[in-house]
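Asks: Dropping in work15.txt, which is compact mmCIF, N, CA and C atoms:
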```txt
# COMPACT_ATOMS: atom_id res chain seq x y z
N MET V 232 -5.23 -4.15 20.42
CA MET V 232 -4.29 -3.24 21.05
C MET V 232 -2.94 -3.28 20.34
N TYR V 233 -2.43 -4.50 20.08
CA TYR V 233 -1.15 -4.62 19.39
C TYR V 233 -1.22 -4.00 18.00
N MET V 234 -2.31 -4.25 17.28
CA MET V 234 -2.42 -3.74 15.91
C MET V 234 -2.44 -2.21 15.91
N PHE V 235 -3.08 -1.61 16.92
CA PHE V 235 -3.12 -0.15 16.99
C PHE V 235 -1.71 0.40 17.11
N LYS V 236 -0.90 -0.21 17.99
CA LYS V 236 0.48 0.24 18.16
C LYS V 236 1.30 -0.02 16.91
N LEU V 237 1.01 -1.11 16.22
CA LEU V 237 1.74 -1.41 15.00
C LEU V 237 1.47 -0.37 13.93
N VAL V 238 0.24 0.08 13.85
CA VAL V 238 -0.11 1.11 12.88
C VAL V 238 0.66 2.38 13.21
N LEU V 239 0.77 2.71 14.49
CA LEU V 239 1.53 3.89 14.86
C LEU V 239 3.00 3.74 14.49
N THR V 240 3.54 2.55 14.66
CA THR V 240 4.92 2.30 14.27
C THR V 240 5.06 2.42 12.76
N LEU V 241 4.10 1.92 12.02
CA LEU V 241 4.13 1.99 10.57
C LEU V 241 4.14 3.43 10.09
N VAL V 242 3.46 4.30 10.81
CA VAL V 242 3.40 5.71 10.44
C VAL V 242 4.80 6.32 10.42
N GLN V 243 5.65 5.85 11.28
CA GLN V 243 6.99 6.42 11.40
C GLN V 243 7.91 5.96 10.27
N ILE V 244 7.53 4.96 9.54
CA ILE V 244 8.38 4.42 8.48
C ILE V 244 8.21 5.26 7.22
N SER V 245 9.28 5.57 6.60
CA SER V 245 9.25 6.39 5.39
C SER V 245 8.51 5.67 4.28
N THR V 246 7.69 6.42 3.55
CA THR V 246 6.95 5.81 2.44
C THR V 246 7.83 5.59 1.23
N SER V 247 9.09 6.01 1.27
CA SER V 247 9.97 5.84 0.12
C SER V 247 10.30 4.38 -0.14
N ALA V 248 10.02 3.50 0.79
CA ALA V 248 10.30 2.08 0.61
C ALA V 248 9.26 1.40 -0.27
N PHE V 249 8.22 2.10 -0.60
CA PHE V 249 7.13 1.51 -1.34
C PHE V 249 7.17 1.90 -2.82
N ALA V 250 6.54 1.07 -3.62
CA ALA V 250 6.42 1.39 -5.04
C ALA V 250 5.36 2.46 -5.26
N GLY V 251 4.24 2.32 -4.55
CA GLY V 251 3.16 3.31 -4.63
C GLY V 251 3.20 4.23 -3.44
N GLU V 252 2.14 4.98 -3.24
CA GLU V 252 2.10 5.84 -2.08
C GLU V 252 0.69 5.89 -1.51
N LEU V 253 0.63 6.17 -0.22
CA LEU V 253 -0.65 6.27 0.46
C LEU V 253 -1.04 7.73 0.53
N SER V 254 -2.34 7.97 0.58
CA SER V 254 -2.83 9.34 0.62
C SER V 254 -2.61 9.98 1.98
N ARG V 255 -2.36 9.17 2.98
CA ARG V 255 -2.12 9.65 4.34
C ARG V 255 -0.98 8.84 4.94
N ARG V 256 -0.24 9.44 5.84
CA ARG V 256 0.82 8.69 6.52
C ARG V 256 0.21 7.79 7.59
N ASP V 257 -0.89 8.22 8.20
CA ASP V 257 -1.56 7.36 9.16
C ASP V 257 -2.67 6.61 8.43
N ILE V 258 -2.76 5.35 8.68
CA ILE V 258 -3.68 4.49 7.92
C ILE V 258 -5.05 4.52 8.57
N ARG V 259 -6.03 4.92 7.79
CA ARG V 259 -7.44 4.97 8.22
C ARG V 259 -8.31 4.41 7.11
N ARG V 260 -9.57 4.35 7.37
CA ARG V 260 -10.50 3.87 6.34
C ARG V 260 -10.47 4.77 5.11
N SER V 261 -10.14 6.04 5.30
CA SER V 261 -10.14 6.98 4.18
C SER V 261 -8.81 6.99 3.43
N THR V 262 -7.85 6.19 3.86
CA THR V 262 -6.55 6.14 3.20
C THR V 262 -6.70 5.50 1.83
N GLU V 263 -6.09 6.13 0.85
CA GLU V 263 -6.12 5.59 -0.50
C GLU V 263 -4.70 5.34 -0.96
N TRP V 264 -4.51 4.30 -1.71
CA TRP V 264 -3.21 3.96 -2.27
C TRP V 264 -3.18 4.44 -3.72
N GLU V 265 -2.07 4.99 -4.14
CA GLU V 265 -1.89 5.42 -5.52
C GLU V 265 -0.58 4.86 -6.05
N PRO V 266 -0.58 4.38 -7.27
CA PRO V 266 0.70 3.96 -7.86
C PRO V 266 1.55 5.19 -8.16
N THR V 267 2.87 5.02 -8.13
CA THR V 267 3.75 6.16 -8.39
C THR V 267 4.49 6.04 -9.72
N ASN V 268 4.60 4.84 -10.25
CA ASN V 268 5.39 4.65 -11.47
C ASN V 268 4.55 4.17 -12.65
N CYS V 269 3.25 4.29 -12.54
CA CYS V 269 2.36 3.82 -13.61
C CYS V 269 1.67 5.01 -14.28
N TRP V 270 1.76 5.05 -15.59
CA TRP V 270 1.11 6.11 -16.35
C TRP V 270 -0.33 5.71 -16.64
N ARG V 271 -1.26 6.56 -16.19
CA ARG V 271 -2.69 6.31 -16.42
C ARG V 271 -3.08 6.94 -17.74
N PRO V 272 -3.57 6.12 -18.67
CA PRO V 272 -3.92 6.66 -19.99
C PRO V 272 -5.16 7.56 -19.92
N THR V 273 -5.21 8.47 -20.84
CA THR V 273 -6.34 9.40 -20.94
C THR V 273 -7.40 8.80 -21.87
N GLN V 274 -8.62 8.85 -21.40
CA GLN V 274 -9.72 8.33 -22.20
C GLN V 274 -9.83 9.14 -23.49
N PRO V 275 -9.91 8.45 -24.63
CA PRO V 275 -9.99 9.18 -25.90
C PRO V 275 -11.36 9.83 -26.11
N THR V 276 -11.34 10.85 -26.92
CA THR V 276 -12.58 11.49 -27.35
C THR V 276 -12.75 11.15 -28.83
N PHE V 277 -13.94 10.72 -29.18
CA PHE V 277 -14.18 10.29 -30.56
C PHE V 277 -14.98 11.35 -31.31
N TYR V 278 -14.52 11.65 -32.52
CA TYR V 278 -15.23 12.55 -33.43
C TYR V 278 -15.53 11.75 -34.69
N ILE V 279 -16.72 11.22 -34.72
CA ILE V 279 -17.10 10.34 -35.83
C ILE V 279 -18.09 11.07 -36.73
N TYR V 280 -17.72 11.15 -38.00
CA TYR V 280 -18.61 11.82 -38.97
C TYR V 280 -18.70 11.06 -40.28
N ASP V 281 -17.89 10.00 -40.42
CA ASP V 281 -17.99 9.15 -41.61
C ASP V 281 -17.31 7.81 -41.30
N THR V 282 -17.25 6.94 -42.29
CA THR V 282 -16.67 5.61 -42.09
C THR V 282 -15.19 5.68 -41.72
N ALA V 283 -14.46 6.56 -42.35
CA ALA V 283 -13.02 6.68 -42.06
C ALA V 283 -12.79 7.15 -40.63
N SER V 284 -13.59 8.11 -40.18
CA SER V 284 -13.41 8.61 -38.81
C SER V 284 -13.85 7.55 -37.80
N PHE V 285 -14.85 6.74 -38.17
CA PHE V 285 -15.25 5.64 -37.30
C PHE V 285 -14.12 4.62 -37.18
N ASN V 286 -13.51 4.26 -38.32
CA ASN V 286 -12.40 3.30 -38.30
C ASN V 286 -11.23 3.85 -37.47
N GLN V 287 -10.98 5.14 -37.59
CA GLN V 287 -9.91 5.75 -36.78
C GLN V 287 -10.27 5.70 -35.29
N ALA V 288 -11.54 5.91 -34.97
CA ALA V 288 -11.99 5.85 -33.58
C ALA V 288 -11.82 4.44 -33.02
N VAL V 289 -12.08 3.43 -33.85
CA VAL V 289 -11.88 2.04 -33.41
C VAL V 289 -10.40 1.80 -33.13
N GLU V 290 -9.52 2.29 -33.97
CA GLU V 290 -8.07 2.17 -33.75
C GLU V 290 -7.66 2.89 -32.46
N ASP V 291 -8.20 4.09 -32.26
CA ASP V 291 -7.90 4.84 -31.05
C ASP V 291 -8.38 4.10 -29.80
N TYR V 292 -9.57 3.51 -29.90
CA TYR V 292 -10.10 2.73 -28.78
C TYR V 292 -9.21 1.53 -28.49
N ASN V 293 -8.79 0.83 -29.53
CA ASN V 293 -7.93 -0.34 -29.35
C ASN V 293 -6.59 0.05 -28.72
N SER V 294 -6.06 1.19 -29.12
CA SER V 294 -4.83 1.70 -28.50
C SER V 294 -5.06 2.00 -27.03
N TYR V 295 -6.18 2.63 -26.76
CA TYR V 295 -6.55 2.95 -25.38
C TYR V 295 -6.70 1.67 -24.55
N LEU V 296 -7.35 0.67 -25.13
CA LEU V 296 -7.52 -0.61 -24.45
C LEU V 296 -6.16 -1.21 -24.09
N SER V 297 -5.22 -1.17 -25.00
CA SER V 297 -3.88 -1.68 -24.74
C SER V 297 -3.20 -0.90 -23.62
N GLU V 298 -3.34 0.42 -23.62
CA GLU V 298 -2.76 1.25 -22.58
C GLU V 298 -3.40 0.98 -21.22
N VAL V 299 -4.70 0.75 -21.20
CA VAL V 299 -5.41 0.43 -19.96
C VAL V 299 -4.90 -0.90 -19.40
N GLU V 300 -4.73 -1.88 -20.27
CA GLU V 300 -4.21 -3.18 -19.82
C GLU V 300 -2.81 -3.03 -19.23
N GLN V 301 -1.96 -2.20 -19.85
CA GLN V 301 -0.61 -1.96 -19.32
C GLN V 301 -0.68 -1.26 -17.96
N TYR V 302 -1.61 -0.31 -17.85
CA TYR V 302 -1.78 0.42 -16.59
C TYR V 302 -2.23 -0.54 -15.48
N ILE V 303 -3.18 -1.39 -15.79
CA ILE V 303 -3.67 -2.36 -14.80
C ILE V 303 -2.56 -3.30 -14.37
N ASP V 304 -1.78 -3.80 -15.33
CA ASP V 304 -0.64 -4.66 -14.99
C ASP V 304 0.35 -3.93 -14.10
N CYS V 305 0.65 -2.70 -14.44
CA CYS V 305 1.60 -1.91 -13.67
C CYS V 305 1.09 -1.67 -12.25
N THR V 306 -0.17 -1.26 -12.09
CA THR V 306 -0.71 -1.00 -10.76
C THR V 306 -0.80 -2.28 -9.94
N ASN V 307 -1.15 -3.39 -10.59
CA ASN V 307 -1.16 -4.66 -9.87
C ASN V 307 0.23 -5.01 -9.36
N GLY V 308 1.24 -4.78 -10.19
CA GLY V 308 2.61 -5.06 -9.78
C GLY V 308 3.05 -4.19 -8.62
N GLU V 309 2.77 -2.89 -8.69
CA GLU V 309 3.14 -1.99 -7.61
C GLU V 309 2.39 -2.34 -6.32
N ALA V 310 1.11 -2.61 -6.44
CA ALA V 310 0.33 -2.95 -5.25
C ALA V 310 0.84 -4.24 -4.62
N SER V 311 1.17 -5.21 -5.45
CA SER V 311 1.70 -6.47 -4.94
C SER V 311 3.02 -6.25 -4.21
N ASP V 312 3.90 -5.45 -4.80
CA ASP V 312 5.18 -5.14 -4.15
C ASP V 312 4.96 -4.42 -2.82
N ASP V 313 4.05 -3.45 -2.82
CA ASP V 313 3.77 -2.71 -1.59
C ASP V 313 3.14 -3.61 -0.53
N PHE V 314 2.26 -4.49 -0.95
CA PHE V 314 1.63 -5.40 0.00
C PHE V 314 2.69 -6.27 0.68
N LYS V 315 3.61 -6.79 -0.11
CA LYS V 315 4.69 -7.61 0.45
C LYS V 315 5.55 -6.80 1.42
N THR V 316 5.85 -5.56 1.05
CA THR V 316 6.67 -4.70 1.91
C THR V 316 5.92 -4.38 3.21
N LEU V 317 4.65 -4.00 3.10
CA LEU V 317 3.85 -3.71 4.29
C LEU V 317 3.72 -4.93 5.19
N LYS V 318 3.50 -6.07 4.60
CA LYS V 318 3.38 -7.31 5.38
C LYS V 318 4.67 -7.57 6.15
N ARG V 319 5.81 -7.41 5.48
CA ARG V 319 7.09 -7.63 6.13
C ARG V 319 7.30 -6.62 7.27
N ILE V 320 6.98 -5.36 7.01
CA ILE V 320 7.12 -4.32 8.03
C ILE V 320 6.23 -4.61 9.23
N LEU V 321 4.98 -4.97 8.96
CA LEU V 321 4.06 -5.27 10.05
C LEU V 321 4.53 -6.48 10.86
N GLU V 322 4.98 -7.51 10.18
CA GLU V 322 5.47 -8.70 10.89
C GLU V 322 6.69 -8.36 11.74
N GLN V 323 7.63 -7.59 11.18
CA GLN V 323 8.82 -7.20 11.95
C GLN V 323 8.44 -6.32 13.13
N SER V 324 7.54 -5.38 12.90
CA SER V 324 7.11 -4.48 13.98
C SER V 324 6.38 -5.26 15.06
N LEU V 325 5.56 -6.20 14.67
CA LEU V 325 4.85 -7.03 15.64
C LEU V 325 5.85 -7.82 16.48
N ASP V 326 6.82 -8.45 15.83
CA ASP V 326 7.84 -9.20 16.56
C ASP V 326 8.58 -8.30 17.55
N GLU V 327 8.94 -7.10 17.11
CA GLU V 327 9.65 -6.16 17.99
C GLU V 327 8.79 -5.75 19.18
N LYS V 328 7.54 -5.44 18.93
CA LYS V 328 6.65 -5.00 20.01
C LYS V 328 6.42 -6.13 21.02
N ILE V 329 6.22 -7.33 20.52
CA ILE V 329 6.02 -8.47 21.43
C ILE V 329 7.29 -8.72 22.23
N SER V 330 8.43 -8.66 21.59
CA SER V 330 9.70 -8.86 22.28
C SER V 330 9.91 -7.79 23.36
N GLU V 331 9.61 -6.54 23.02
CA GLU V 331 9.75 -5.45 23.99
C GLU V 331 8.89 -5.68 25.22
N ILE V 332 7.63 -6.02 25.02
CA ILE V 332 6.73 -6.19 26.17
C ILE V 332 7.10 -7.44 26.96
N GLN V 333 7.57 -8.49 26.29
CA GLN V 333 8.01 -9.68 27.01
C GLN V 333 9.25 -9.38 27.85
N ASN V 334 10.16 -8.56 27.33
CA ASN V 334 11.33 -8.15 28.11
C ASN V 334 10.92 -7.32 29.32
N GLU V 335 9.96 -6.42 29.14
CA GLU V 335 9.47 -5.63 30.26
C GLU V 335 8.80 -6.53 31.31
N LEU V 336 8.05 -7.51 30.84
CA LEU V 336 7.41 -8.46 31.75
C LEU V 336 8.46 -9.24 32.53
N ARG V 337 9.49 -9.71 31.84
CA ARG V 337 10.57 -10.45 32.49
C ARG V 337 11.29 -9.56 33.51
N ASP V 338 11.55 -8.30 33.15
CA ASP V 338 12.20 -7.37 34.08
C ASP V 338 11.34 -7.15 35.32
N ALA V 339 10.03 -7.01 35.13
CA ALA V 339 9.12 -6.82 36.27
C ALA V 339 9.12 -8.05 37.16
N ARG V 340 9.10 -9.24 36.55
CA ARG V 340 9.15 -10.49 37.33
C ARG V 340 10.46 -10.58 38.10
N ASP V 341 11.58 -10.28 37.43
CA ASP V 341 12.90 -10.33 38.09
C ASP V 341 12.96 -9.35 39.25
N SER V 342 12.40 -8.15 39.03
CA SER V 342 12.39 -7.16 40.10
C SER V 342 11.57 -7.65 41.28
N LEU V 343 10.42 -8.23 40.99
CA LEU V 343 9.57 -8.76 42.06
C LEU V 343 10.27 -9.89 42.81
N GLU V 344 10.85 -10.83 42.07
CA GLU V 344 11.52 -11.98 42.70
C GLU V 344 12.73 -11.55 43.52
N SER V 345 13.44 -10.52 43.05
CA SER V 345 14.63 -10.09 43.77
C SER V 345 14.31 -9.40 45.09
N GLN V 346 13.06 -9.00 45.24
CA GLN V 346 12.65 -8.31 46.47
C GLN V 346 11.88 -9.22 47.44
N TRP V 347 11.88 -10.50 47.19
CA TRP V 347 11.18 -11.44 48.06
C TRP V 347 11.83 -11.41 49.44
N PRO V 348 11.00 -11.20 50.46
CA PRO V 348 11.56 -11.12 51.83
C PRO V 348 12.07 -12.46 52.35
```
Would you put the structure from the file into structure tokens?

Replies:
Amino acid sequence: MYMFKLVLTLVQISTSAFAGELSRRDIRRSTEWEPTNCWRPTQPTFYIYDTASFNQAVEDYNSYLSEVEQYIDCTNGEASDDFKTLKRILEQSLDEKISEIQNELRDARDSLESQWP
């Protein structure tokens, strides 16, 4: 029950605080995360017709491999930053929700006690 309300609270928080972005503002199983500051390299197309073109294709592949490694590092970094931010938001929201309901419980108890005949 608490987690459901926390998710609703999370929906109200602007996604601008994150490095990446979610495909939906409300978190569901179909929600996907996307990096926002990482350039995804384009897979090369190889045209091999002789030894020189093969050697060029190997160089292109190696360049692509380097770009893929940079992309993976970048997405890992963004995801890690977002995970830390989401964790902090969830923890703060949980603390707030628990505090709110405990205050309401205390108010109800005080109201009940003040009406004792």

Asks: Can you check which residues of range 258-299 of chain V DSSP gives as alpha helix (DSSP H) on the backbone and send them as an MDAnalysis selection string?

Replies: chainID V and resid 282:299

Asks: For the contact check between range 299-321 of chain V and range 255-275 of chain V, emit one row per residue of range 299-321 of chain V within 7 Å, containing the shortest atom pair and the distance in Å rounded to one decimal, counting only N, CA and C atoms, chain then rising number order, as a tab-separated table.

Replies:
```
residue	atom	partner	partner_atom	distance
V:Val299	N	V:Pro272	N	6.0
V:Tyr302	CA	V:Trp270	C	5.5
V:Cys305	CA	V:Cys269	CA	5.8
V:Thr306	N	V:Cys269	CA	5.9
V:Glu309	CA	V:Pro266	CA	6.4
V:Ala310	N	V:Pro266	CA	6.7
```

Asks: What is the distance between CA of Leu325 in chain V and CA of Asp313 in chain V, in Å to one decimal?

Replies: 17.8 Å

Asks: Expressed in Å to a single decimal, how great is the separation between atom C of Asn334 in chain V and atom C of Lys318 in chain V?

Replies: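 Separation of atom C of Asn334 in chain V and atom C of Lys318 in chain V: 24.0 Å.
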
Asks: Take atom N of Asp291 in chain V and atom N of Tyr278 in chain V and report the distance between them in Å, one decimal.

Replies: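 Separation between atom N of Asp291 in chain V and atom N of Tyr278 in chain V: 9.9 Å.
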
Asks: Where's the centre, and what are the edge lengths in Å to one decimal, of a box along x, y and z enclosing all listed atoms of range 295-312 of chain V padded 8 Å per side, as JSON?

Replies:
```
{"center_x": -1.2, "center_y": -1.8, "center_z": -14.8, "size_x": 28.7, "size_y": 25.4, "size_z": 39.9}
```
